[in-house]
Structures are given as C-alpha cells and as structure tokens.
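Undergrad: For reference, this is query.pdb, and it has PDB, C-alpha atoms.
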ATOM      1  CA  MET A 129     -15.310  -9.752  -8.390
ATOM      2  CA  SER A 130     -11.517  -9.906  -8.515
ATOM      3  CA  ALA A 131      -9.028  -8.701 -11.097
ATOM      4  CA  THR A 132      -5.282  -9.303 -11.053
ATOM      5  CA  VAL A 133      -2.874  -6.918 -12.779
ATOM      6  CA  ARG A 134       0.890  -6.905 -13.254
ATOM      7  CA  ILE A 135       2.311  -3.760 -11.706
ATOM      8  CA  ALA A 136       6.105  -4.129 -12.061
ATOM      9  CA  ALA A 137       9.068  -6.442 -12.078
ATOM     10  CA  LEU A 138      10.270  -7.071  -8.511
ATOM     11  CA  ASP A 139      13.724  -5.670  -9.279
ATOM     12  CA  GLU A 140      12.148  -2.418 -10.555
ATOM     13  CA  LEU A 141      10.713  -1.634  -7.110
ATOM     14  CA  PRO A 142      13.080   0.217  -4.758
ATOM     15  CA  ASP A 143      13.882  -1.714  -1.583
ATOM     16  CA  GLY A 144      12.630  -0.041   1.603
ATOM     17  CA  ARG A 145      10.636   2.705  -0.134
ATOM     18  CA  GLY A 146       7.170   3.218  -1.523
ATOM     19  CA  VAL A 147       5.967   3.699  -5.085
ATOM     20  CA  ARG A 148       2.581   5.037  -6.114
ATOM     21  CA  VAL A 149       0.713   2.894  -8.628
ATOM     22  CA  ASP A 150      -2.571   3.878 -10.231
ATOM     23  CA  VAL A 151      -4.786   0.989 -11.319
ATOM     24  CA  GLY A 152      -8.049   2.256 -12.738
ATOM     25  CA  GLU A 153      -9.549   4.441 -10.025
ATOM     26  CA  HIS A 154      -7.350   2.903  -7.315
ATOM     27  CA  ARG A 155      -4.403   4.908  -5.969
ATOM     28  CA  ILE A 156      -2.117   2.332  -4.352
ATOM     29  CA  ALA A 157       1.139   2.560  -2.392
ATOM     30  CA  VAL A 158       3.420  -0.409  -3.106
ATOM     31  CA  PHE A 159       6.352  -1.197  -0.820
ATOM     32  CA  ARG A 160       9.176  -3.690  -1.338
ATOM     33  CA  ILE A 161      11.010  -4.853   1.756
ATOM     34  CA  GLY A 162      13.622  -7.370   0.685
ATOM     35  CA  GLU A 163      11.774 -10.033  -1.275
ATOM     36  CA  SER A 164       8.382  -9.151   0.234
ATOM     37  CA  VAL A 165       5.936  -6.729  -1.375
ATOM     38  CA  TYR A 166       3.018  -4.957   0.318
ATOM     39  CA  ALA A 167       0.244  -2.819  -1.154
ATOM     40  CA  ILE A 168      -2.085  -0.457   0.691
ATOM     41  CA  GLY A 169      -4.314   2.449  -0.253
ATOM     42  CA  ASP A 170      -2.110   5.464  -0.948
ATOM     43  CA  ARG A 171      -4.266   8.015   0.890
ATOM     44  CA  CYS A 172      -3.782   8.508   4.634
ATOM     45  CA  SER A 173      -7.162   8.038   6.298
ATOM     46  CA  HIS A 174      -6.541  11.133   8.436
ATOM     47  CA  ALA A 175      -5.355  13.805   6.006
ATOM     48  CA  GLU A 176      -5.258  12.288   2.492
ATOM     49  CA  ALA A 177      -1.450  12.519   2.246
ATOM     50  CA  SER A 178       0.362  10.098  -0.068
ATOM     51  CA  LEU A 179       1.580   7.129   1.969
ATOM     52  CA  SER A 180       3.921   6.070  -0.841
ATOM     53  CA  GLU A 181       6.016   9.137   0.090
ATOM     54  CA  GLY A 182       6.298   8.064   3.733
ATOM     55  CA  GLU A 183       9.276   6.582   5.530
ATOM     56  CA  VAL A 184       9.268   2.802   6.100
ATOM     57  CA  PHE A 185      10.068   1.248   9.490
ATOM     58  CA  ASP A 186       9.991  -2.574   9.504
ATOM     59  CA  THR A 187       6.467  -3.240   8.161
ATOM     60  CA  ASP A 188       5.033   0.188   8.979
ATOM     61  CA  VAL A 189       4.912   3.340   6.877
ATOM     62  CA  GLU A 190       4.799   6.788   8.433
ATOM     63  CA  CYS A 191       2.473   9.354   6.882
ATOM     64  CA  PRO A 192       4.616  12.278   5.707
ATOM     65  CA  ARG A 193       2.024  14.861   6.762
ATOM     66  CA  HIS A 194       1.178  14.175  10.420
ATOM     67  CA  GLY A 195       3.241  11.117  11.382
ATOM     68  CA  SER A 196       0.588   8.407  11.739
ATOM     69  CA  GLU A 197       2.075   4.968  11.113
ATOM     70  CA  PHE A 198       0.163   2.318   9.173
ATOM     71  CA  ASP A 199       0.824  -1.423   9.287
ATOM     72  CA  LEU A 200       1.631  -2.584   5.752
ATOM     73  CA  VAL A 201       0.135  -6.023   6.456
ATOM     74  CA  THR A 202      -3.225  -4.954   7.926
ATOM     75  CA  GLY A 203      -3.629  -1.291   6.922
ATOM     76  CA  VAL A 204      -4.447  -0.458  10.542
ATOM     77  CA  PRO A 205      -2.957   2.751  11.964
ATOM     78  CA  ASP A 206      -0.491   2.116  14.789
ATOM     79  CA  SER A 207      -0.453   5.734  15.982
ATOM     80  CA  LEU A 208      -2.564   8.886  16.056
ATOM     81  CA  PRO A 209      -3.864  11.084  14.603
ATOM     82  CA  ALA A 210      -5.198   8.476  12.120
ATOM     83  CA  THR A 211      -7.838   6.151  13.575
ATOM     84  CA  ARG A 212      -9.256   4.417  10.462
ATOM     85  CA  PRO A 213      -7.462   1.723   8.442
ATOM     86  CA  VAL A 214      -6.531   2.046   4.792
ATOM     87  CA  PRO A 215      -7.308  -0.670   2.208
ATOM     88  CA  VAL A 216      -4.908  -3.595   1.858
ATOM     89  CA  TYR A 217      -4.376  -5.339  -1.472
ATOM     90  CA  ARG A 218      -3.175  -8.898  -2.071
ATOM     91  CA  VAL A 219       0.176  -9.038  -3.840
ATOM     92  CA  SER A 220       2.002 -11.984  -5.380
ATOM     93  CA  VAL A 221       5.376 -12.380  -7.037
ATOM     94  CA  VAL A 222       5.456 -14.834  -9.939
ATOM     95  CA  ASP A 223       8.612 -15.391 -11.997
ATOM     96  CA  GLY A 224      10.009 -12.034 -10.864
ATOM     97  CA  ASP A 225       6.852 -10.067 -11.700
ATOM     98  CA  VAL A 226       4.642  -8.398  -9.079
ATOM     99  CA  TYR A 227       0.882  -8.846  -9.411
ATOM    100  CA  LEU A 228      -1.818  -6.989  -7.520
ATOM    101  CA  ALA A 229      -5.299  -8.382  -6.865
ATOM    102  CA  LEU A 230      -8.174  -5.932  -6.822
ATOM    103  CA  ASP A 231     -11.009  -7.550  -4.968
ATOM    104  CA  ALA A 232     -14.341  -6.421  -3.578
ATOM    105  CA  SER A 233     -13.076  -6.096   0.001
ATOM    106  CA  ALA A 234     -10.227  -3.751  -0.997
ATOM    107  CA  GLU A 235     -12.547  -1.701  -3.194
ATOM    108  CA  GLN A 236     -15.140  -1.440  -0.437
ATOM    109  CA  LYS A 237     -12.598  -0.333   2.173
ATOM    110  CA  GLU A 238     -11.149   2.301  -0.148
ATOM    111  CA  SER A 239     -14.495   4.009  -0.568
ATOM    112  CA  ILE A 240     -14.946   4.465   3.195
TER     113      ILE A 240
END
Show me, as structure tokens, the structure contained in the file I just sent.

TA:
Amino acid sequence: MSATVRIAALDELPDGRGVRVDVGEHRIAVFRIGESVYAIGDRCSHAEASLSEGEVFDTDVECPRHGSEFDLVTGVPDSLPATRPVPVYRVSVVDGDVYLALDASAEQKESI
C-alpha cells in the first residue's frame, strides 16, 4: 500500500537544513539541498535523537547526539556508533510542491 502526501512548497524548505514533518504516525526528517529533496526517518537508530536537527554535509546528516552520519539517499549510517539504517522515503517535486510517498518498505523499516 502506498500513499502520497504534499508536505510543503519547495521554496518553504530551508536549503541545507532539516525540517521535521509528522505524517500520521511517521516522524520524518526532510532535507533540501539545492533543488533536491531527501526524506529519512527522523529518529537516529542508535539513540533516538532527531536527525532533522543535525548538520548536513553533502548528502549526509550528522546525528546531533553522538555524531553518527547517515546517508540521505540510502539511510545507511556512514559512521559509528549507529549501525542500523533509518527508513528512506521517496520524494518528488511537482510544480514547486514537495510530495512524500509512504510505502510498505518505508513503514516496515521504521518499525525495526
């Protein structure tokens, strides 16, 4: 099952920083880097810190609590202490609006 929701206008998202978006029971960190938008689960898989509050380096975000970096494309941690990936959500930009797809694979990963 897949649902697509509008989360913001592209120009409302700050460039190079994260924003937390709650969609139903999903807590999602959304990042705009130039014209590209990425969405991952907002909870660090190591210590439950909010990834939307982390610093962005290229296409990685650093967890503000213990410094693990997560790839915004894959959700895979690039550094310790985190060892488990976070969910990744499909994002599209249509006519200046940002849409997020909630699908079974993202939901399943988030519950891990």

Undergrad: Quick one: pull the distance between atom CA of A:Ala131 and atom CA of A:Glu181, Å, one decimal.

TA: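 Between atom CA of A:Ala131 and atom CA of A:Glu181 the gap works out to 25.9 Å.
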
Undergrad: Mind pulling up the distance from atom CA of A:Leu228 to atom CA of A:Val216?

TA: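 Spanning atom CA of A:Val216 to atom CA of A:Leu228 is a straight-line distance of 10.4 Å.
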
Undergrad: Using only C-alpha atoms, collect all residues at a distance of at most 10 Å from (9.7, -5.2, -11.8) as written in the file, then present them as a PDB file with C-alpha atoms, in the coordinates of the input.

TA:
ATOM      1  CA  ARG A 134       0.890  -6.905 -13.254  1.00  0.00           C
ATOM      2  CA  ILE A 135       2.311  -3.760 -11.706  1.00  0.00           C
ATOM      3  CA  ALA A 136       6.105  -4.129 -12.061  1.00  0.00           C
ATOM      4  CA  ALA A 137       9.068  -6.442 -12.078  1.00  0.00           C
ATOM      5  CA  LEU A 138      10.270  -7.071  -8.511  1.00  0.00           C
ATOM      6  CA  ASP A 139      13.724  -5.670  -9.279  1.00  0.00           C
ATOM      7  CA  GLU A 140      12.148  -2.418 -10.555  1.00  0.00           C
ATOM      8  CA  LEU A 141      10.713  -1.634  -7.110  1.00  0.00           C
ATOM      9  CA  PRO A 142      13.080   0.217  -4.758  1.00  0.00           C
ATOM     10  CA  VAL A 221       5.376 -12.380  -7.037  1.00  0.00           C
ATOM     11  CA  GLY A 224      10.009 -12.034 -10.864  1.00  0.00           C
ATOM     12  CA  ASP A 225       6.852 -10.067 -11.700  1.00  0.00           C
ATOM     13  CA  VAL A 226       4.642  -8.398  -9.079  1.00  0.00           C
ATOM     14  CA  TYR A 227       0.882  -8.846  -9.411  1.00  0.00           C
TER      15      TYR A 227
END

Undergrad: Given the PyMOL selection byres ((chain A and resi 209) around 8) and the file above, list the residues it selects as a list in words.

TA: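 That selection, the PyMOL selection byres ((chain A and resi 209) around 8), comes back as His174, His194, Gly195, Ser196, Ser207, Leu208, Ala210 and Thr211 of chain A.
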
Undergrad: What is the distance between atom CA of A:Gly152 and atom CA of A:Phe185, in Å to one decimal?

TA: 28.7 Å

Undergrad: Find, counting all atoms listed in the file, the residue in A:Ala157, A:Val147, A:Val219, A:Val165 that gets nearest to A:Phe198.

TA: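 Nearest candidate to A:Phe198 out of A:Ala157, A:Val147, A:Val219, A:Val165: A:Ala157.
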
Undergrad: Restricting the calculation to all atoms listed in the file: of A:Thr187, A:Thr202, A:Ser180, A:Thr132, which residue gets closest to A:Gly146?

TA: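 For A:Gly146, the nearest of the candidates is A:Ser180.
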
Undergrad: Calculated over all atoms listed in the file, which of the candidates A:Val184, A:Glu153, A:Leu200, A:Arg145 has the smallest distance to A:Tyr166?

TA: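 Among A:Val184, A:Glu153, A:Leu200, A:Arg145, it is A:Leu200 that comes nearest to A:Tyr166.
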
Undergrad: Find the residues near A:Asp186: any atom within 12 Å, counting all atoms listed in the file, skip ones fewer than 4 places away on the same chain, and give them as a short mmCIF file (atom, residue, chain, number, x, y, z; two decimals) with C-alpha atoms, keeping the file's coordinate frame.

TA:
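As a result, part_14.cif now contains:
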data_model
loop_
_atom_site.label_atom_id
_atom_site.label_comp_id
_atom_site.auth_asym_id
_atom_site.auth_seq_id
_atom_site.Cartn_x
_atom_site.Cartn_y
_atom_site.Cartn_z
CA ASP A 143 13.88 -1.71 -1.58
CA GLY A 144 12.63 -0.04 1.60
CA ARG A 145 10.64 2.70 -0.13
CA PHE A 159 6.35 -1.20 -0.82
CA ARG A 160 9.18 -3.69 -1.34
CA ILE A 161 11.01 -4.85 1.76
CA GLY A 162 13.62 -7.37 0.68
CA SER A 164 8.38 -9.15 0.23
CA TYR A 166 3.02 -4.96 0.32
CA GLU A 190 4.80 6.79 8.43
CA GLU A 197 2.08 4.97 11.11
CA PHE A 198 0.16 2.32 9.17
CA ASP A 199 0.82 -1.42 9.29
CA LEU A 200 1.63 -2.58 5.75
CA VAL A 201 0.14 -6.02 6.46
#

Undergrad: Nearest to A:Pro192 among A:Val204, A:Ala229, A:Val214, A:Cys172, with distances taken over all atoms listed in the file: which residue is it?

TA: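 Selected residue with least distance to A:Pro192: A:Cys172.
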
Undergrad: Using all atoms listed in the file, can you tell me which of A:Val149, A:Asp223, A:Asp206, A:Ala175 comes closest to A:Val189?

TA: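 Distance minimum relative to A:Val189 lands on A:Asp206.
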
Undergrad: Taking the file as shown, what set of residues would the PyMOL selection byres ((chain A and resi 154) around 9) give back, as a PyMOL selection string?

TA: chain A and resi 149-153+155-156+169-170+230+235+238
